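The structure appears right after this line, and notes come after that.
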Amino acid sequence: MYKYILAMALTLLPLSAVEVKEDIQVPYIPYEIKMGEHFDAVQAHCLTCHSFGYIINQGPQSKAFWAGKVKKMVVAFKAPISDEDSALVTEYLFKHYGNGKEK
Amino acid sequence: MQRRDFFKKSLVIAGAGAIGSSLEATSQPIRGQKISQVAFPQKRPMITYSDRPPLLESPRNVFAQAITPNDQFFVRWHMPEIPTHVDLKEYRLKVNGEVEKELSFTLDELKNEFEPVEVTAVLQCGGNGRSAYSPIAGGIQWGNGAVGNAKWKGARLRDVLERAGIKKDAAWIGFNGLDNAAYYETPNFVREMHIDELDDHVIVAYEMNGEELPYLNGYPVRLVIPGYYSDSWVKMLSNLTLTTSYQKLFFMDVAYRIPDNECECETPGDKHGETKPITTMNVKSMIGYPTNETKVYLNSHLTVRGVAFDQGKGIREVLVSTDNGKSWEQAILDDGKNGRYSFREFRYTFNPGKYGKQTIMTKAINKAGEEQPLAEEIQWNHGGYKYNGIDTVTIEVV
(Lines give C-alpha, C1' and ligand atoms only; values in the text may rest on other atoms or scores of the structure.)
Protein backbone atom coordinates (compact mmCIF):
# COMPACT_ATOMS: atom_id res chain seq x y z
CA MET A 1 0.00 0.00 0.00
CA TYR A 2 1.17 3.49 -0.80
CA LYS A 3 1.14 5.73 2.18
CA TYR A 4 1.51 8.75 -0.06
CA ILE A 5 0.08 9.04 -3.46
CA LEU A 6 2.42 8.99 -6.34
CA ALA A 7 1.24 12.28 -7.70
CA MET A 8 2.82 13.99 -4.75
CA ALA A 9 6.21 12.66 -5.66
CA LEU A 10 5.81 13.86 -9.20
CA THR A 11 5.19 17.50 -8.44
CA LEU A 12 8.04 19.91 -7.97
CA LEU A 13 6.69 21.13 -4.66
CA PRO A 14 8.58 20.69 -1.40
CA LEU A 15 8.11 17.17 -0.11
CA SER A 16 7.53 18.19 3.45
CA ALA A 17 5.28 15.24 4.33
CA VAL A 18 4.29 13.69 7.59
CA GLU A 19 3.76 15.69 10.70
CA VAL A 20 1.77 18.50 12.00
CA LYS A 21 2.87 22.00 12.73
CA GLU A 22 5.21 24.03 10.59
CA ASP A 23 8.66 24.25 12.16
CA ILE A 24 10.77 22.31 9.72
CA GLN A 25 10.54 22.05 5.98
CA VAL A 26 13.14 20.07 4.13
CA PRO A 27 13.85 21.88 0.86
CA TYR A 28 13.35 20.24 -2.51
CA ILE A 29 16.45 20.05 -4.66
CA PRO A 30 15.96 19.40 -8.37
CA TYR A 31 18.72 16.89 -9.09
CA GLU A 32 19.37 16.69 -12.80
CA ILE A 33 18.71 13.21 -14.04
CA LYS A 34 19.12 11.95 -17.58
CA MET A 35 16.07 11.47 -19.75
CA GLY A 36 15.68 8.29 -21.73
CA GLU A 37 13.76 5.12 -22.37
CA HIS A 38 11.97 3.74 -19.29
CA PHE A 39 12.46 6.96 -17.35
CA ASP A 40 8.74 6.86 -16.59
CA ALA A 41 9.26 3.63 -14.62
CA VAL A 42 12.12 5.23 -12.66
CA GLN A 43 10.01 8.26 -11.90
CA ALA A 44 7.06 6.16 -10.81
CA HIS A 45 8.94 3.77 -8.55
CA CYS A 46 12.10 5.41 -7.23
CA LEU A 47 10.88 8.87 -6.20
CA THR A 48 8.36 7.47 -3.74
CA CYS A 49 11.17 6.78 -1.27
CA HIS A 50 14.18 8.81 -2.35
CA SER A 51 15.48 11.65 -4.48
CA PHE A 52 17.29 11.34 -7.78
CA GLY A 53 20.34 12.53 -5.84
CA TYR A 54 20.36 9.17 -4.13
CA ILE A 55 20.72 7.52 -7.55
CA ILE A 56 23.24 9.76 -9.26
CA ASN A 57 25.51 9.90 -6.21
CA GLN A 58 26.09 6.14 -6.24
CA GLY A 59 28.61 6.56 -9.04
CA PRO A 60 28.66 4.59 -12.31
CA GLN A 61 28.01 0.93 -11.55
CA SER A 62 27.66 -2.47 -13.22
CA LYS A 63 24.44 -3.98 -14.45
CA ALA A 64 24.57 -6.52 -11.62
CA PHE A 65 24.96 -3.69 -9.09
CA TRP A 66 21.90 -1.84 -10.36
CA ALA A 67 19.87 -5.02 -10.59
CA GLY A 68 20.87 -5.78 -7.00
CA LYS A 69 19.85 -2.30 -5.85
CA VAL A 70 16.42 -2.61 -7.44
CA LYS A 71 16.03 -6.07 -5.91
CA LYS A 72 16.97 -4.66 -2.50
CA MET A 73 14.23 -2.05 -2.83
CA VAL A 74 11.72 -4.82 -3.49
CA VAL A 75 12.94 -7.53 -1.11
CA ALA A 76 14.35 -5.54 1.81
CA PHE A 77 12.36 -2.31 1.59
CA LYS A 78 9.14 -3.82 0.22
CA ALA A 79 8.72 -1.44 -2.70
CA PRO A 80 5.87 -2.74 -4.90
CA ILE A 81 7.77 -2.98 -8.19
CA SER A 82 6.84 -5.76 -10.62
CA ASP A 83 9.52 -7.98 -12.14
CA GLU A 84 8.82 -6.39 -15.48
CA ASP A 85 9.27 -2.86 -14.15
CA SER A 86 12.34 -3.92 -12.17
CA ALA A 87 13.95 -4.99 -15.42
CA LEU A 88 13.05 -1.67 -17.08
CA VAL A 89 14.40 0.38 -14.20
CA THR A 90 17.62 -1.67 -14.18
CA GLU A 91 18.01 -1.17 -17.91
CA TYR A 92 17.58 2.59 -17.58
CA LEU A 93 20.01 2.85 -14.64
CA PHE A 94 22.68 0.80 -16.35
CA LYS A 95 22.37 2.71 -19.59
CA HIS A 96 22.66 6.14 -17.97
CA TYR A 97 24.57 5.44 -14.75
CA GLY A 98 26.44 2.30 -15.69
CA ASN A 99 30.11 1.51 -16.00
CA GLY A 100 29.70 -0.68 -19.07
CA LYS A 101 30.35 -3.89 -17.16
CA GLU A 102 27.83 -6.69 -16.72
CA LYS A 103 29.23 -7.62 -13.30
CA MET B 1 23.71 20.12 -9.58
CA GLN B 2 26.51 19.41 -11.95
CA ARG B 3 27.29 15.83 -12.71
CA ARG B 4 30.26 14.79 -10.72
CA ASP B 5 33.18 13.04 -12.19
CA PHE B 6 33.34 9.68 -10.54
CA PHE B 7 36.07 8.26 -12.65
CA LYS B 8 38.89 8.43 -10.24
CA LYS B 9 42.48 8.12 -11.19
CA SER B 10 43.33 4.55 -10.61
CA LEU B 11 46.75 3.89 -9.29
CA VAL B 12 48.52 1.16 -11.12
CA ILE B 13 50.23 -1.20 -8.75
CA ALA B 14 53.41 -2.45 -10.32
CA GLY B 15 54.48 -6.04 -10.02
CA ALA B 16 53.15 -8.87 -7.91
CA GLY B 17 51.25 -6.82 -5.36
CA ALA B 18 48.20 -6.44 -7.53
CA ILE B 19 45.04 -8.08 -6.24
CA GLY B 20 43.18 -10.33 -8.62
CA SER B 21 42.79 -9.00 -12.11
CA SER B 22 42.16 -5.48 -10.92
CA LEU B 23 44.85 -2.88 -11.25
CA GLU B 24 42.83 -0.34 -9.37
CA ALA B 25 43.58 0.81 -5.85
CA THR B 26 42.16 2.98 -3.15
CA SER B 27 43.03 6.66 -3.51
CA GLN B 28 41.99 9.89 -1.79
CA PRO B 29 38.23 10.48 -1.46
CA ILE B 30 36.56 12.79 -3.93
CA ARG B 31 37.41 16.46 -3.48
CA GLY B 32 36.11 19.80 -4.63
CA GLN B 33 32.42 18.93 -4.33
CA LYS B 34 30.04 21.82 -4.73
CA ILE B 35 28.37 23.29 -1.70
CA SER B 36 24.65 23.49 -2.36
CA GLN B 37 23.09 26.90 -2.79
CA VAL B 38 20.13 25.71 -0.77
CA ALA B 39 20.45 25.59 3.00
CA PHE B 40 18.57 22.98 5.00
CA PRO B 41 16.74 23.87 8.22
CA GLN B 42 19.14 24.97 10.99
CA LYS B 43 22.09 24.34 8.67
CA ARG B 44 24.41 26.44 6.60
CA PRO B 45 24.68 25.38 2.96
CA MET B 46 26.51 22.06 2.78
CA ILE B 47 27.51 19.43 0.23
CA THR B 48 24.12 17.89 -0.55
CA TYR B 49 23.87 14.40 -2.04
CA SER B 50 20.15 13.99 -1.54
CA ASP B 51 17.24 15.99 -0.18
CA ARG B 52 15.05 13.00 0.54
CA PRO B 53 16.28 11.48 2.69
CA PRO B 54 18.64 14.38 3.54
CA LEU B 55 22.31 13.55 3.04
CA LEU B 56 24.56 16.48 3.88
CA GLU B 57 28.34 16.53 4.11
CA SER B 58 30.57 19.04 5.91
CA PRO B 59 33.13 20.88 3.79
CA ARG B 60 36.78 20.27 4.68
CA ASN B 61 37.41 23.62 6.36
CA VAL B 62 35.06 22.59 9.20
CA PHE B 63 37.78 20.24 10.42
CA ALA B 64 40.21 22.97 11.40
CA GLN B 65 38.55 23.00 14.83
CA ALA B 66 37.88 20.34 17.46
CA ILE B 67 34.18 21.05 17.89
CA THR B 68 32.02 20.84 14.79
CA PRO B 69 29.33 23.57 14.77
CA ASN B 70 25.78 22.22 14.89
CA ASP B 71 24.87 24.10 11.73
CA GLN B 72 27.68 22.43 9.78
CA PHE B 73 27.37 18.96 11.25
CA PHE B 74 26.78 16.23 8.66
CA VAL B 75 23.35 14.66 8.18
CA ARG B 76 22.44 11.15 7.13
CA TRP B 77 18.92 9.68 7.26
CA HIS B 78 17.72 6.38 5.84
CA MET B 79 13.96 6.82 5.63
CA PRO B 80 12.13 9.40 3.51
CA GLU B 81 9.62 10.52 6.11
CA ILE B 82 11.17 12.58 8.85
CA PRO B 83 8.69 14.19 11.22
CA THR B 84 8.73 17.89 10.46
CA HIS B 85 7.62 18.72 13.94
CA VAL B 86 7.99 16.96 17.25
CA ASP B 87 5.41 18.12 19.76
CA LEU B 88 7.06 17.90 23.15
CA LYS B 89 3.67 17.54 24.81
CA GLU B 90 3.26 14.31 22.87
CA TYR B 91 6.85 13.14 22.70
CA ARG B 92 7.76 10.17 24.88
CA LEU B 93 10.75 7.89 25.08
CA LYS B 94 9.23 4.48 25.75
CA VAL B 95 11.00 1.66 27.53
CA ASN B 96 9.43 -1.74 27.02
CA GLY B 97 10.03 -5.44 26.46
CA GLU B 98 11.93 -7.40 29.10
CA VAL B 99 11.56 -4.82 31.86
CA GLU B 100 9.90 -5.02 35.25
CA LYS B 101 7.68 -2.08 34.41
CA GLU B 102 7.10 -0.43 31.04
CA LEU B 103 7.75 3.28 31.32
CA SER B 104 7.74 6.36 29.16
CA PHE B 105 9.53 9.65 29.69
CA THR B 106 8.93 13.16 28.47
CA LEU B 107 11.92 15.25 27.44
CA ASP B 108 11.68 17.19 30.71
CA GLU B 109 11.69 13.97 32.69
CA LEU B 110 14.81 12.81 30.88
CA LYS B 111 16.45 16.11 31.74
CA ASN B 112 15.31 16.33 35.34
CA GLU B 113 14.95 12.82 36.69
CA PHE B 114 18.34 11.50 35.68
CA GLU B 115 21.84 12.67 36.45
CA PRO B 116 22.98 14.70 33.41
CA VAL B 117 26.30 13.57 31.99
CA GLU B 118 28.47 15.00 29.24
CA VAL B 119 30.69 13.32 26.71
CA THR B 120 32.51 14.86 23.76
CA ALA B 121 32.45 12.28 21.02
CA VAL B 122 33.01 11.86 17.31
CA LEU B 123 30.07 10.84 15.16
CA GLN B 124 31.18 9.30 11.87
CA CYS B 125 29.31 7.51 9.11
CA GLY B 126 30.77 4.08 8.36
CA GLY B 127 30.78 5.07 4.69
CA ASN B 128 32.74 8.30 5.25
CA GLY B 129 35.38 8.52 2.52
CA ARG B 130 33.71 5.75 0.48
CA SER B 131 34.57 7.55 -2.78
CA ALA B 132 38.22 6.58 -2.16
CA TYR B 133 37.52 2.95 -3.06
CA SER B 134 38.02 1.58 -6.53
CA PRO B 135 36.20 -0.17 -8.11
CA ILE B 136 33.48 2.15 -6.83
CA ALA B 137 31.87 0.61 -3.76
CA GLY B 138 28.10 0.59 -3.45
CA GLY B 139 26.48 3.50 -1.62
CA ILE B 140 26.63 7.27 -1.48
CA GLN B 141 30.02 8.46 -2.65
CA TRP B 142 30.92 10.47 0.44
CA GLY B 143 34.04 12.59 0.53
CA ASN B 144 35.83 13.21 3.83
CA GLY B 145 33.10 15.08 5.63
CA ALA B 146 30.54 12.56 6.91
CA VAL B 147 31.96 13.04 10.38
CA GLY B 148 31.77 15.57 13.20
CA ASN B 149 32.55 16.03 16.87
CA ALA B 150 30.23 17.49 19.48
CA LYS B 151 29.80 17.83 23.20
CA TRP B 152 26.75 15.73 23.99
CA LYS B 153 24.72 15.99 27.17
CA GLY B 154 22.08 13.58 28.31
CA ALA B 155 21.04 10.78 30.62
CA ARG B 156 22.96 7.52 30.86
CA LEU B 157 21.17 4.82 28.89
CA ARG B 158 21.84 2.45 31.77
CA ASP B 159 20.06 4.76 34.25
CA VAL B 160 17.00 4.99 31.99
CA LEU B 161 16.81 1.23 31.54
CA GLU B 162 17.38 0.54 35.22
CA ARG B 163 14.52 2.84 36.13
CA ALA B 164 12.26 0.44 34.26
CA GLY B 165 14.06 -2.55 35.76
CA ILE B 166 16.12 -4.76 33.45
CA LYS B 167 14.86 -8.34 33.65
CA LYS B 168 17.49 -11.02 34.24
CA ASP B 169 17.14 -12.68 30.88
CA ALA B 170 17.19 -9.44 28.85
CA ALA B 171 20.15 -9.66 26.46
CA TRP B 172 19.54 -7.17 23.64
CA ILE B 173 18.47 -3.54 23.51
CA GLY B 174 16.58 -2.44 20.40
CA PHE B 175 16.48 1.25 19.40
CA ASN B 176 13.89 2.86 17.19
CA GLY B 177 13.35 6.45 16.10
CA LEU B 178 10.50 8.52 14.72
CA ASP B 179 11.45 8.42 11.05
CA ASN B 180 9.26 6.37 8.75
CA ALA B 181 9.42 4.60 5.44
CA ALA B 182 7.10 5.36 2.53
CA TYR B 183 5.57 1.88 2.74
CA TYR B 184 4.15 0.31 5.84
CA GLU B 185 5.96 -2.95 5.09
CA THR B 186 9.43 -1.41 4.96
CA PRO B 187 11.55 -2.38 7.96
CA ASN B 188 12.15 0.49 10.36
CA PHE B 189 15.66 1.71 11.00
CA VAL B 190 15.96 -0.29 14.19
CA ARG B 191 19.32 -1.05 15.74
CA GLU B 192 20.32 -3.49 18.43
CA MET B 193 23.06 -3.54 21.00
CA HIS B 194 24.01 -6.41 23.27
CA ILE B 195 23.49 -5.50 26.88
CA ASP B 196 27.17 -6.29 27.64
CA GLU B 197 28.19 -3.38 25.40
CA LEU B 198 26.29 -0.96 27.59
CA ASP B 199 28.66 1.28 29.51
CA ASP B 200 28.35 4.63 31.25
CA HIS B 201 29.48 6.56 28.18
CA VAL B 202 26.38 5.52 26.25
CA ILE B 203 23.86 8.30 26.69
CA VAL B 204 20.45 9.39 25.57
CA ALA B 205 21.46 12.89 24.45
CA TYR B 206 19.19 15.93 24.47
CA GLU B 207 21.88 18.58 24.08
CA MET B 208 24.56 19.09 21.43
CA ASN B 209 27.23 21.76 21.94
CA GLY B 210 25.09 23.46 24.57
CA GLU B 211 21.98 23.68 22.39
CA GLU B 212 19.07 21.43 21.64
CA LEU B 213 19.87 19.00 18.84
CA PRO B 214 19.18 20.31 15.32
CA TYR B 215 16.16 18.59 13.82
CA LEU B 216 18.24 16.90 11.18
CA ASN B 217 20.65 15.57 13.79
CA GLY B 218 17.89 13.88 15.75
CA TYR B 219 15.90 16.36 17.85
CA PRO B 220 14.78 15.96 20.55
CA VAL B 221 16.86 12.96 21.64
CA ARG B 222 19.40 10.68 20.04
CA LEU B 223 21.56 7.85 21.17
CA VAL B 224 25.27 8.57 21.64
CA ILE B 225 27.64 5.59 21.55
CA PRO B 226 31.18 6.99 21.77
CA GLY B 227 33.76 5.17 19.65
CA TYR B 228 31.16 3.53 17.41
CA TYR B 229 30.18 4.45 13.87
CA SER B 230 27.02 6.48 13.59
CA ASP B 231 24.76 3.73 12.24
CA SER B 232 23.90 2.84 15.84
CA TRP B 233 23.35 6.40 17.07
CA VAL B 234 19.60 6.31 16.47
CA LYS B 235 18.03 9.75 15.91
CA MET B 236 14.67 11.03 17.22
CA LEU B 237 14.83 8.13 19.61
CA SER B 238 11.37 6.93 20.58
CA ASN B 239 11.70 3.34 21.80
CA LEU B 240 14.06 1.28 23.88
CA THR B 241 13.01 -2.34 23.73
CA LEU B 242 14.70 -5.09 25.71
CA THR B 243 14.56 -8.61 24.31
CA THR B 244 15.93 -12.00 25.32
CA SER B 245 17.11 -12.86 21.84
CA TYR B 246 18.51 -11.05 18.86
CA GLN B 247 15.86 -9.77 16.45
CA LYS B 248 16.58 -10.21 12.79
CA LEU B 249 16.86 -6.75 11.33
CA PHE B 250 17.77 -5.50 7.89
CA PHE B 251 19.90 -2.63 9.14
CA MET B 252 21.83 -5.00 11.39
CA ASP B 253 22.05 -8.11 9.26
CA VAL B 254 22.52 -6.77 5.76
CA ALA B 255 23.65 -3.15 5.84
CA TYR B 256 26.75 -1.74 7.54
CA ARG B 257 28.73 -4.95 7.43
CA ILE B 258 32.30 -5.75 6.43
CA PRO B 259 34.16 -8.98 5.63
CA ASP B 260 34.80 -10.98 8.78
CA ASN B 261 38.50 -11.63 8.19
CA GLU B 262 41.64 -10.03 9.53
CA CYS B 263 42.14 -7.51 6.72
CA GLU B 264 38.36 -6.80 6.60
CA CYS B 265 38.80 -6.97 2.86
CA GLU B 266 37.69 -8.81 -0.25
CA THR B 267 37.71 -8.35 -4.01
CA PRO B 268 34.72 -7.68 -6.27
CA GLY B 269 35.25 -11.06 -7.94
CA ASP B 270 35.78 -12.94 -4.69
CA LYS B 271 33.55 -11.58 -1.96
CA HIS B 272 34.08 -12.89 1.52
CA GLY B 273 30.98 -14.76 2.64
CA GLU B 274 31.13 -14.15 6.37
CA THR B 275 30.50 -10.58 7.48
CA LYS B 276 30.46 -8.64 10.73
CA PRO B 277 29.06 -5.25 11.81
CA ILE B 278 31.36 -2.25 11.36
CA THR B 279 31.18 -1.33 15.11
CA THR B 280 34.17 0.73 16.33
CA MET B 281 36.12 3.39 14.43
CA ASN B 282 39.73 3.16 13.26
CA VAL B 283 42.41 5.81 13.71
CA LYS B 284 42.18 8.82 11.41
CA SER B 285 43.27 12.42 10.88
CA MET B 286 41.88 15.11 8.62
CA ILE B 287 43.34 18.37 7.44
CA GLY B 288 40.93 21.29 7.89
CA TYR B 289 43.31 23.99 6.64
CA PRO B 290 44.70 24.47 4.07
CA THR B 291 42.34 22.98 1.49
CA ASN B 292 42.96 21.94 -2.09
CA GLU B 293 41.84 25.41 -3.18
CA THR B 294 44.40 27.27 -1.04
CA LYS B 295 47.19 29.40 -2.51
CA VAL B 296 50.03 30.70 -0.36
CA TYR B 297 53.09 32.84 -1.00
CA LEU B 298 56.55 31.34 -1.19
CA ASN B 299 58.21 31.10 2.24
CA SER B 300 55.12 32.28 4.06
CA HIS B 301 54.41 30.80 7.46
CA LEU B 302 51.73 28.26 6.78
CA THR B 303 49.98 26.69 9.76
CA VAL B 304 48.34 23.39 8.90
CA ARG B 305 45.33 22.67 11.14
CA GLY B 306 43.29 19.55 11.51
CA VAL B 307 41.78 16.95 13.78
CA ALA B 308 42.56 13.36 14.75
CA PHE B 309 40.54 10.65 16.48
CA ASP B 310 40.04 6.95 16.96
CA GLN B 311 37.60 4.69 18.81
CA GLY B 312 38.67 5.99 22.23
CA LYS B 313 42.06 4.36 22.74
CA GLY B 314 43.42 7.88 22.47
CA ILE B 315 45.60 9.72 19.97
CA ARG B 316 49.33 9.52 20.71
CA GLU B 317 50.63 11.72 17.90
CA VAL B 318 49.93 13.24 14.53
CA LEU B 319 52.73 13.32 11.98
CA VAL B 320 52.94 15.69 9.01
CA SER B 321 54.86 15.23 5.78
CA THR B 322 55.52 18.02 3.30
CA ASP B 323 57.79 15.91 1.04
CA ASN B 324 55.32 13.30 -0.20
CA GLY B 325 55.87 10.95 2.71
CA LYS B 326 59.69 10.77 2.68
CA SER B 327 59.99 12.36 6.11
CA TRP B 328 57.50 12.99 8.89
CA GLU B 329 57.45 15.58 11.64
CA GLN B 330 55.38 15.79 14.75
CA ALA B 331 52.45 18.20 14.86
CA ILE B 332 51.48 19.99 18.08
CA LEU B 333 48.43 18.38 19.69
CA ASP B 334 45.87 20.17 21.85
CA ASP B 335 45.68 19.42 25.57
CA GLY B 336 43.18 16.59 25.13
CA LYS B 337 40.84 17.99 27.75
CA ASN B 338 37.80 17.00 25.69
CA GLY B 339 38.50 13.35 26.44
CA ARG B 340 39.49 10.28 24.50
CA TYR B 341 36.38 10.08 22.29
CA SER B 342 36.80 13.63 20.97
CA PHE B 343 38.61 15.11 18.00
CA ARG B 344 42.11 16.19 19.02
CA GLU B 345 43.14 19.39 17.30
CA PHE B 346 46.61 19.52 15.79
CA ARG B 347 48.70 22.23 14.15
CA TYR B 348 51.99 22.32 12.28
CA THR B 349 53.77 25.34 10.85
CA PHE B 350 56.23 25.34 7.96
CA ASN B 351 57.48 27.60 5.19
CA PRO B 352 56.72 26.28 1.70
CA GLY B 353 60.01 26.82 -0.14
CA LYS B 354 59.21 25.90 -3.74
CA TYR B 355 56.87 27.40 -6.29
CA GLY B 356 54.08 25.22 -7.64
CA LYS B 357 52.21 22.29 -6.14
CA GLN B 358 52.87 21.51 -2.49
CA THR B 359 51.42 18.36 -0.95
CA ILE B 360 50.71 18.07 2.76
CA MET B 361 50.03 14.68 4.35
CA THR B 362 48.91 13.86 7.89
CA LYS B 363 49.01 10.57 9.74
CA ALA B 364 47.53 9.88 13.17
CA ILE B 365 48.89 7.20 15.50
CA ASN B 366 46.92 6.07 18.54
CA LYS B 367 48.10 4.90 21.95
CA ALA B 368 47.77 1.28 20.86
CA GLY B 369 50.31 2.00 18.10
CA GLU B 370 47.72 1.74 15.32
CA GLU B 371 48.42 4.20 12.54
CA GLN B 372 46.71 5.46 9.43
CA PRO B 373 47.78 3.58 6.32
CA LEU B 374 48.43 5.22 2.97
CA ALA B 375 45.22 5.33 0.93
CA GLU B 376 46.63 2.89 -1.63
CA GLU B 377 47.40 0.37 1.11
CA ILE B 378 43.74 0.10 2.06
CA GLN B 379 42.10 -2.96 0.63
CA TRP B 380 38.62 -2.99 -0.81
CA ASN B 381 35.33 -4.02 0.80
CA HIS B 382 31.99 -4.15 -1.01
CA GLY B 383 30.27 -1.51 1.13
CA GLY B 384 33.18 0.92 1.00
CA TYR B 385 33.33 1.17 4.78
CA LYS B 386 35.99 2.28 7.25
CA TYR B 387 38.22 4.31 4.92
CA ASN B 388 40.98 5.89 7.01
CA GLY B 389 43.80 6.69 4.60
CA ILE B 390 46.51 9.24 5.39
CA ASP B 391 44.93 12.58 4.54
CA THR B 392 46.43 14.55 1.69
CA VAL B 393 45.90 18.12 0.55
CA THR B 394 47.67 19.77 -2.38
CA ILE B 395 48.00 23.54 -2.40
CA GLU B 396 49.64 25.98 -4.74
CA VAL B 397 52.65 28.05 -3.76
CA VAL B 398 52.79 31.33 -5.67
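Chains: A, B, ... in order of the C-alpha coordinates. Residues: from 1 per chain. Ligands: from 1, in order shown.
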- Item | Long-range neighbours of range 136-150 of chain B as an MDAnalysis selection string, 7 Å cut-off, only C-alpha atoms, 5 positions minimum in chain | (chainID A and resid 57:59) or (chainID B and resid 29:31 57:60 66:68 73:74 120:125 127:131 208:209 342:343 382:384)
- Task: For Ser82 in chain A, list every protein, DNA or RNA residue within 12 Å, evaluated using only C-alpha atoms, and leave out those in the same chain fewer than 6 positions away; present the list as number ranges by chain.
- Result: A: 41, 44-45, 70-71, 73-75, 88-89
At a cut-off of 8 Å, can you tabulate as JSON lines every residue of chain B near chain A together with its closest atom pair and the distance in Å to one decimal, using only C-alpha atoms and ordering rows by chain then number?
```
{"residue": "B:Met1", "atom": "CA", "partner": "A:Tyr31", "partner_atom": "CA", "distance": 6.0}
{"residue": "B:Gln2", "atom": "CA", "partner": "A:Glu32", "partner_atom": "CA", "distance": 7.7}
{"residue": "B:Arg3", "atom": "CA", "partner": "A:Glu32", "partner_atom": "CA", "distance": 8.0}
{"residue": "B:Phe6", "atom": "CA", "partner": "A:Gly59", "partner_atom": "CA", "distance": 5.9}
{"residue": "B:Val38", "atom": "CA", "partner": "A:Pro27", "partner_atom": "CA", "distance": 7.5}
{"residue": "B:Ala39", "atom": "CA", "partner": "A:Pro27", "partner_atom": "CA", "distance": 7.9}
{"residue": "B:Phe40", "atom": "CA", "partner": "A:Val26", "partner_atom": "CA", "distance": 6.2}
{"residue": "B:Pro41", "atom": "CA", "partner": "A:Ile24", "partner_atom": "CA", "distance": 6.4}
{"residue": "B:Tyr49", "atom": "CA", "partner": "A:Gly53", "partner_atom": "CA", "distance": 5.5}
{"residue": "B:Ser50", "atom": "CA", "partner": "A:Gly53", "partner_atom": "CA", "distance": 4.5}
{"residue": "B:Asp51", "atom": "CA", "partner": "A:Ile29", "partner_atom": "CA", "distance": 6.1}
{"residue": "B:Arg52", "atom": "CA", "partner": "A:His50", "partner_atom": "CA", "distance": 5.2}
{"residue": "B:Pro53", "atom": "CA", "partner": "A:His50", "partner_atom": "CA", "distance": 6.1}
{"residue": "B:Pro54", "atom": "CA", "partner": "A:Val26", "partner_atom": "CA", "distance": 7.9}
{"residue": "B:Met79", "atom": "CA", "partner": "A:Cys49", "partner_atom": "CA", "distance": 7.4}
{"residue": "B:Pro80", "atom": "CA", "partner": "A:Cys49", "partner_atom": "CA", "distance": 5.5}
{"residue": "B:Glu81", "atom": "CA", "partner": "A:Val18", "partner_atom": "CA", "distance": 6.4}
{"residue": "B:Ile82", "atom": "CA", "partner": "A:Val18", "partner_atom": "CA", "distance": 7.1}
{"residue": "B:Pro83", "atom": "CA", "partner": "A:Glu19", "partner_atom": "CA", "distance": 5.2}
{"residue": "B:Thr84", "atom": "CA", "partner": "A:Ile24", "partner_atom": "CA", "distance": 4.9}
{"residue": "B:His85", "atom": "CA", "partner": "A:Glu19", "partner_atom": "CA", "distance": 5.9}
{"residue": "B:Val86", "atom": "CA", "partner": "A:Glu19", "partner_atom": "CA", "distance": 7.9}
{"residue": "B:Ile136", "atom": "CA", "partner": "A:Gly59", "partner_atom": "CA", "distance": 6.9}
{"residue": "B:Gly138", "atom": "CA", "partner": "A:Gln58", "partner_atom": "CA", "distance": 6.5}
{"residue": "B:Gly139", "atom": "CA", "partner": "A:Gln58", "partner_atom": "CA", "distance": 5.3}
{"residue": "B:Ile140", "atom": "CA", "partner": "A:Gln58", "partner_atom": "CA", "distance": 4.9}
{"residue": "B:Gln141", "atom": "CA", "partner": "A:Gln58", "partner_atom": "CA", "distance": 5.8}
{"residue": "B:Ala181", "atom": "CA", "partner": "A:Cys49", "partner_atom": "CA", "distance": 7.3}
{"residue": "B:Ala182", "atom": "CA", "partner": "A:Cys49", "partner_atom": "CA", "distance": 5.7}
{"residue": "B:Tyr183", "atom": "CA", "partner": "A:Tyr2", "partner_atom": "CA", "distance": 5.9}
{"residue": "B:Tyr184", "atom": "CA", "partner": "A:Met1", "partner_atom": "CA", "distance": 7.2}
{"residue": "B:Glu185", "atom": "CA", "partner": "A:Lys78", "partner_atom": "CA", "distance": 5.9}
{"residue": "B:Thr186", "atom": "CA", "partner": "A:Phe77", "partner_atom": "CA", "distance": 4.6}
{"residue": "B:Pro187", "atom": "CA", "partner": "A:Phe77", "partner_atom": "CA", "distance": 6.4}
{"residue": "B:Tyr215", "atom": "CA", "partner": "A:Ile24", "partner_atom": "CA", "distance": 7.7}
{"residue": "B:Phe250", "atom": "CA", "partner": "A:Ala76", "partner_atom": "CA", "distance": 7.0}
```
- Query: Mind pulling up the distance from CA of Ile166 in chain B to CA of Lys94 in chain B?
  - Reply: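 Calculated distance between CA of Lys94 in chain B and CA of Ile166 in chain B is 13.9 Å.
Taking CA of Val75 in chain B and CA of Asn239 in chain B as endpoints, the distance between them is 21.2 Å.
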- Task: Work out how far apart CA of Gln358 in chain B and CA of Gln33 in chain B are and give it in Å to one decimal.
- Result: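 The value is 20.7 Å.
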